[in-house]
Amino acid sequence: MTAKVYVTLKRGVLDPQGQAVAHALGRLGFAEAKDARIGKYIELTLDGGGSREEVEKRVDKMCRDLLANLVIEEYRFELVD
Amino acid sequence: MQVAVIRFPGSNCDRDALHVLGGVVAGSSARFAWHKDTALGACDAVVIPGGFSYGDYLRAGAMAAHSPILGAVKEFAARGGPVLGICNGFQILCEAGLLDGALTRNASLHFECRDVHVLVEGRPTPWTAAIPAGRVLRIPIAHAEGRFVHDDVEALEREGRVLFRYADAAGGITDGANPNGSLRNIAGIANRAGNVVGLMPHPERASEAILGGTDGRALFDSLAAHFAGSPARV
């Protein structure tokens with residue numbers, strides 16, 4: 001099973017990288033790109049049993065314990081067979 | 001007093017910290033502790049130095065916060081032992097939950113490497129008790145992720161846990177003196193108990209006149225005064 005984890009900055013947290021990217025897109029003629037928010041995509045290959053619910057619980061804990069810093073980031077993930 | 005300086009793959013200024021605490025500051029000796037160690041051994045204080053532990057993988061300090069030695073540092077901190085995190089050390093302490101808040105990408109997007117001034121304030125801690133409040137220290141910074149954020153800064157202020165604030169040379173708290181966009185110019189904080197302190201500037205790099213300044217030594221002299229039982233001003 002594969003877990004696709006997306007970690008992004010919380011809405012209120014300034015993203016200077018994203019601002020720079022949106023600005024660069026504007027310069028390239030993509031004026032419609034008003035804002036960009038940069039995050040991380042993590043693909044986890046999971047080995048082991050357990051119900052889907054149990055796997056979800058484990059991945060959720062992985063996100064909380066390490067993959068995301070909940071002070072500034074939020075996360076979501078999907079499981080793919 | 002015996003100080004343990006934690007070393008990770010990618011630490012820097014670890015030798016500087018060892019040099020200052022193991023020779024420059026009177027009455028202090030220091031030794032390294034390795035990131036894979038599970039115990040600190042006998043020591044009175046812990047310094048987590050700067051650098052790019054584990055290559056800043058995932059987030060600055062995220063991997064180091066889960067290294068074996070951090071378990072021992074957490075136990076030491078829980079017993080009230082003084083812990084200082086410098087730069088990446090500050091990031092590690094935040095990631096480990098020993099300090100609250102987070103250090104994010106500088107608003108300028110630049111790696112800021114220069115001397116700054118910080119105003120000393122807040123509640124007394126072993127690392128700052130001997131520094132008179134209102135003192136302005138000139139200390140270098142060298143970081144790309146130093147913009148401090150916190151979701152309840154009022155509580156931090158109320159509890160006197162803001163210890164260092166970016167200031168101009170006269171101690172004025174201005175936007176111009178803020179090198180990274182930190183919330184309220186915050187450069188360093190303490191935990192609720194006051195024994196764990198983190199700051200982005202590098203005091204160990206400004207602890208000898210030959211290196212251009214000695215203001216940073218005030219933190220280490222303060223620690224020495226703490227263990228000597230004398231609240232003498234440094």
# chains A, B, ... in the order shown; residues from 1 in each chain; ligands from 1

call {"tool": "closest_atom_pairs", "arguments": {"of": "chain B", "to": "chain A", "cutoff": "9 Å", "atoms": "only C-alpha atoms", "output": "Markdown table"}}
result
| residue | atom | partner | partner_atom | distance |
| --- | --- | --- | --- | --- |
| B:Leu58 | CA | A:Leu67 | CA | 7.3 |
| B:Arg59 | CA | A:Asn69 | CA | 8.5 |
| B:Ala62 | CA | A:Leu66 | CA | 7.0 |
| B:Met63 | CA | A:Leu66 | CA | 8.0 |
| B:His66 | CA | A:Leu66 | CA | 8.3 |
| B:Glu95 | CA | A:Asn69 | CA | 7.4 |
| B:Asp100 | CA | A:Val71 | CA | 8.5 |
| B:Gly101 | CA | A:Val71 | CA | 6.5 |
| B:Ala102 | CA | A:Val71 | CA | 6.6 |
| B:Thr104 | CA | A:Ile72 | CA | 8.4 |
| B:Arg105 | CA | A:Pro16 | CA | 7.3 |
| B:Asn106 | CA | A:Pro16 | CA | 7.7 |
| B:Ala107 | CA | A:Pro16 | CA | 5.7 |
| B:Ser108 | CA | A:Pro16 | CA | 7.4 |
| B:Leu109 | CA | A:Pro16 | CA | 6.6 |
| B:Val149 | CA | A:Ile72 | CA | 8.0 |
| B:His150 | CA | A:Val71 | CA | 7.5 |
| B:Asp151 | CA | A:Val71 | CA | 7.5 |

call {"tool": "select_by_dssp", "arguments": {"residues": "chain A", "states": "strand (DSSP E or B)", "output": "count of residues only"}}
result
22

call {"tool": "select_by_dssp", "arguments": {"residues": "chain B", "states": "alpha helix (DSSP H)", "output": "PyMOL selection string"}}
result
chain B and resi 14-19+68-78+88-95+153-158+217-228

call {"tool": "write_last_selection", "arguments": {"atoms": "N, CA and C atoms", "output": "short mmCIF file (atom, residue, chain, number, x, y, z; two decimals), in the first residue's frame"}}
result
data_model
loop_
_atom_site.label_atom_id
_atom_site.label_comp_id
_atom_site.auth_asym_id
_atom_site.auth_seq_id
_atom_site.Cartn_x
_atom_site.Cartn_y
_atom_site.Cartn_z
N ASP B 14 30.10 23.63 16.78
CA ASP B 14 30.15 22.74 17.94
C ASP B 14 31.52 22.86 18.62
N ARG B 15 32.57 22.99 17.79
CA ARG B 15 33.91 23.17 18.37
C ARG B 15 34.04 24.54 19.02
N ASP B 16 33.41 25.54 18.43
CA ASP B 16 33.44 26.87 19.02
C ASP B 16 32.81 26.84 20.41
N ALA B 17 31.66 26.16 20.50
CA ALA B 17 30.98 26.07 21.79
C ALA B 17 31.85 25.32 22.80
N LEU B 18 32.48 24.23 22.33
CA LEU B 18 33.36 23.46 23.21
C LEU B 18 34.55 24.30 23.67
N HIS B 19 35.09 25.08 22.75
CA HIS B 19 36.23 25.94 23.04
C HIS B 19 35.86 26.99 24.09
N PRO B 68 18.43 9.69 19.19
CA PRO B 68 18.53 9.05 20.52
C PRO B 68 18.93 10.02 21.64
N ILE B 69 19.87 10.90 21.40
CA ILE B 69 20.36 11.77 22.48
C ILE B 69 19.28 12.72 22.98
N LEU B 70 18.30 13.03 22.11
CA LEU B 70 17.26 13.99 22.53
C LEU B 70 16.40 13.42 23.66
N GLY B 71 16.28 12.09 23.72
CA GLY B 71 15.56 11.48 24.84
C GLY B 71 16.24 11.84 26.14
N ALA B 72 17.57 11.76 26.14
CA ALA B 72 18.35 12.10 27.34
C ALA B 72 18.25 13.59 27.64
N VAL B 73 18.25 14.41 26.60
CA VAL B 73 18.15 15.87 26.80
C VAL B 73 16.78 16.21 27.40
N LYS B 74 15.74 15.52 26.93
CA LYS B 74 14.39 15.77 27.47
C LYS B 74 14.32 15.43 28.96
N GLU B 75 14.93 14.28 29.32
CA GLU B 75 14.95 13.90 30.74
C GLU B 75 15.71 14.92 31.57
N PHE B 76 16.85 15.35 31.02
CA PHE B 76 17.68 16.35 31.71
C PHE B 76 16.90 17.65 31.89
N ALA B 77 16.20 18.07 30.85
CA ALA B 77 15.43 19.32 30.92
C ALA B 77 14.27 19.18 31.91
N ALA B 78 13.65 17.98 31.93
CA ALA B 78 12.52 17.76 32.84
C ALA B 78 12.97 17.83 34.30
N ASN B 88 20.41 26.30 14.89
CA ASN B 88 19.81 25.00 14.62
C ASN B 88 19.40 24.32 15.94
N GLY B 89 20.15 24.59 17.00
CA GLY B 89 19.79 24.06 18.32
C GLY B 89 18.43 24.57 18.78
N PHE B 90 18.15 25.82 18.49
CA PHE B 90 16.85 26.43 18.80
C PHE B 90 15.77 25.73 17.97
N GLN B 91 16.03 25.52 16.70
CA GLN B 91 15.08 24.83 15.82
C GLN B 91 14.81 23.42 16.34
N ILE B 92 15.86 22.74 16.78
CA ILE B 92 15.72 21.37 17.30
C ILE B 92 14.85 21.36 18.55
N LEU B 93 15.10 22.32 19.47
CA LEU B 93 14.33 22.37 20.71
C LEU B 93 12.84 22.63 20.43
N CYS B 94 12.56 23.45 19.42
CA CYS B 94 11.16 23.70 19.04
C CYS B 94 10.54 22.44 18.44
N GLU B 95 11.29 21.78 17.55
CA GLU B 95 10.77 20.56 16.92
C GLU B 95 10.57 19.45 17.96
N VAL B 153 1.44 34.48 21.18
CA VAL B 153 2.59 35.29 21.57
C VAL B 153 2.29 36.14 22.79
N GLU B 154 1.00 36.45 23.02
CA GLU B 154 0.64 37.24 24.20
C GLU B 154 1.02 36.49 25.48
N ALA B 155 0.76 35.18 25.48
CA ALA B 155 1.10 34.37 26.65
C ALA B 155 2.62 34.36 26.86
N LEU B 156 3.33 34.24 25.75
CA LEU B 156 4.79 34.23 25.80
C LEU B 156 5.31 35.53 26.44
N GLU B 157 4.71 36.64 26.01
CA GLU B 157 5.11 37.95 26.53
C GLU B 157 4.75 38.07 28.01
N ARG B 158 3.51 37.66 28.32
CA ARG B 158 3.00 37.81 29.68
C ARG B 158 3.86 37.01 30.66
N ARG B 217 29.55 36.11 25.23
CA ARG B 217 30.04 35.38 26.41
C ARG B 217 29.17 35.63 27.63
N ALA B 218 28.39 36.71 27.60
CA ALA B 218 27.53 37.04 28.74
C ALA B 218 26.61 35.86 29.09
N LEU B 219 26.17 35.10 28.09
CA LEU B 219 25.29 33.96 28.37
C LEU B 219 26.03 32.86 29.12
N PHE B 220 27.28 32.61 28.69
CA PHE B 220 28.05 31.53 29.30
C PHE B 220 28.59 31.94 30.67
N ASP B 221 28.95 33.23 30.80
CA ASP B 221 29.37 33.74 32.10
C ASP B 221 28.19 33.71 33.08
N SER B 222 27.00 33.97 32.53
CA SER B 222 25.79 33.92 33.37
C SER B 222 25.59 32.51 33.91
N LEU B 223 25.80 31.51 33.03
CA LEU B 223 25.65 30.12 33.45
C LEU B 223 26.68 29.78 34.53
N ALA B 224 27.92 30.23 34.32
CA ALA B 224 28.97 29.99 35.31
C ALA B 224 28.61 30.64 36.64
N ALA B 225 28.07 31.86 36.59
CA ALA B 225 27.67 32.56 37.81
C ALA B 225 26.53 31.80 38.50
N HIS B 226 25.63 31.23 37.68
CA HIS B 226 24.52 30.44 38.20
C HIS B 226 25.04 29.27 39.03
N PHE B 227 26.06 28.57 38.50
CA PHE B 227 26.58 27.41 39.22
C PHE B 227 27.52 27.79 40.35
N ALA B 228 28.11 28.98 40.25
CA ALA B 228 28.96 29.45 41.34
C ALA B 228 28.09 29.98 42.47
#

call {"tool": "residues_around", "arguments": {"residues": "Met62 (chain A)", "least_positions_apart": "4", "cutoff": "12 Å", "atoms": "only C-alpha atoms", "output": "JSON list (two decimals) with N, CA, C and O atoms, in the first residue's frame"}}
result
[["chain", "number", "residue", "atom", "x", "y", "z"],
["A", 3, "ALA", "N", 1.00, 5.42, 0.78],
["A", 3, "ALA", "CA", 0.35, 6.59, 1.35],
["A", 3, "ALA", "C", 0.90, 7.83, 0.66],
["A", 3, "ALA", "O", 2.13, 7.99, 0.57],
["A", 5, "VAL", "N", 1.18, 11.61, 1.06],
["A", 5, "VAL", "CA", 1.02, 12.59, 2.14],
["A", 5, "VAL", "C", 1.33, 13.99, 1.62],
["A", 5, "VAL", "O", 2.36, 14.20, 0.97],
["A", 7, "VAL", "N", 1.87, 17.89, 2.83],
["A", 7, "VAL", "CA", 2.09, 18.76, 3.99],
["A", 7, "VAL", "C", 2.16, 20.19, 3.49],
["A", 7, "VAL", "O", 2.96, 20.50, 2.59],
["A", 42, "ILE", "N", 4.95, 13.65, 0.10],
["A", 42, "ILE", "CA", 5.74, 12.52, 0.58],
["A", 42, "ILE", "C", 5.01, 11.23, 0.22],
["A", 42, "ILE", "O", 3.84, 11.06, 0.56],
["A", 44, "LEU", "N", 4.85, 7.35, 0.77],
["A", 44, "LEU", "CA", 5.30, 6.30, 1.69],
["A", 44, "LEU", "C", 4.90, 4.94, 1.16],
["A", 44, "LEU", "O", 3.72, 4.72, 0.87],
["A", 46, "LEU", "N", 4.20, 1.32, 2.17],
["A", 46, "LEU", "CA", 3.90, 0.67, 3.44],
["A", 46, "LEU", "C", 3.88, -0.83, 3.26],
["A", 46, "LEU", "O", 3.32, -1.35, 2.29],
["A", 55, "VAL", "N", -4.26, 1.20, 9.27],
["A", 55, "VAL", "CA", -3.20, 1.84, 8.49],
["A", 55, "VAL", "C", -3.37, 3.36, 8.53],
["A", 55, "VAL", "O", -2.42, 4.11, 8.72],
["A", 56, "GLU", "N", -4.63, 3.78, 8.38],
["A", 56, "GLU", "CA", -4.91, 5.22, 8.44],
["A", 56, "GLU", "C", -4.45, 5.82, 9.76],
["A", 56, "GLU", "O", -3.87, 6.90, 9.81],
["A", 57, "LYS", "N", -4.72, 5.11, 10.82],
["A", 57, "LYS", "CA", -4.33, 5.57, 12.16],
["A", 57, "LYS", "C", -2.82, 5.72, 12.27],
["A", 57, "LYS", "O", -2.32, 6.68, 12.83],
["A", 58, "ARG", "N", -2.12, 4.71, 11.72],
["A", 58, "ARG", "CA", -0.65, 4.72, 11.79],
["A", 58, "ARG", "C", -0.08, 5.89, 10.98],
["A", 58, "ARG", "O", 0.83, 6.59, 11.44],
["A", 66, "LEU", "N", 6.16, 13.29, 13.03],
["A", 66, "LEU", "CA", 7.36, 13.71, 12.30],
["A", 66, "LEU", "C", 7.09, 14.49, 11.02],
["A", 66, "LEU", "O", 7.69, 15.54, 10.80],
["A", 67, "LEU", "N", 6.18, 13.98, 10.18],
["A", 67, "LEU", "CA", 6.11, 14.53, 8.82],
["A", 67, "LEU", "C", 5.64, 15.97, 8.76],
["A", 67, "LEU", "O", 6.07, 16.74, 7.91],
["A", 68, "ALA", "N", 4.77, 16.37, 9.70],
["A", 68, "ALA", "CA", 4.30, 17.76, 9.71],
["A", 68, "ALA", "C", 4.62, 18.40, 11.06],
["A", 68, "ALA", "O", 4.63, 17.72, 12.08],
["A", 69, "ASN", "N", 4.90, 19.68, 11.04],
["A", 69, "ASN", "CA", 5.04, 20.45, 12.27],
["A", 69, "ASN", "C", 3.73, 21.19, 12.47],
["A", 69, "ASN", "O", 3.44, 22.17, 11.78],
["A", 75, "TYR", "N", -1.76, 18.74, 7.27],
["A", 75, "TYR", "CA", -1.48, 17.61, 6.38],
["A", 75, "TYR", "C", -2.77, 16.92, 5.98],
["A", 75, "TYR", "O", -3.80, 17.05, 6.63],
["A", 76, "ARG", "N", -2.69, 16.21, 4.87],
["A", 76, "ARG", "CA", -3.75, 15.29, 4.49],
["A", 76, "ARG", "C", -3.06, 14.15, 3.76],
["A", 76, "ARG", "O", -1.92, 14.30, 3.29],
["A", 77, "PHE", "N", -3.72, 13.02, 3.69],
["A", 77, "PHE", "CA", -3.10, 11.89, 2.97],
["A", 77, "PHE", "C", -4.16, 11.01, 2.38],
["A", 77, "PHE", "O", -5.34, 11.04, 2.78]]

call {"tool": "closest_residue", "arguments": {"among": "A:Met1, A:Ala33, A:Leu9, A:Val21", "to": "Leu79 (chain A)", "atoms": "only C-alpha atoms"}}
result
A:Met1

call {"tool": "residues_around", "arguments": {"residues": "Gly194 (chain B)", "least_positions_apart": "6", "cutoff": "10 Å", "atoms": "only C-alpha atoms", "output": "PyMOL selection string"}}
result
chain B and resi 80-83+123-128+160-161

call {"tool": "atom_distance", "arguments": {"atom1": "CA of Leu211 (chain B)", "atom2": "CA of Arg184 (chain B)"}}
result
29.5 Å
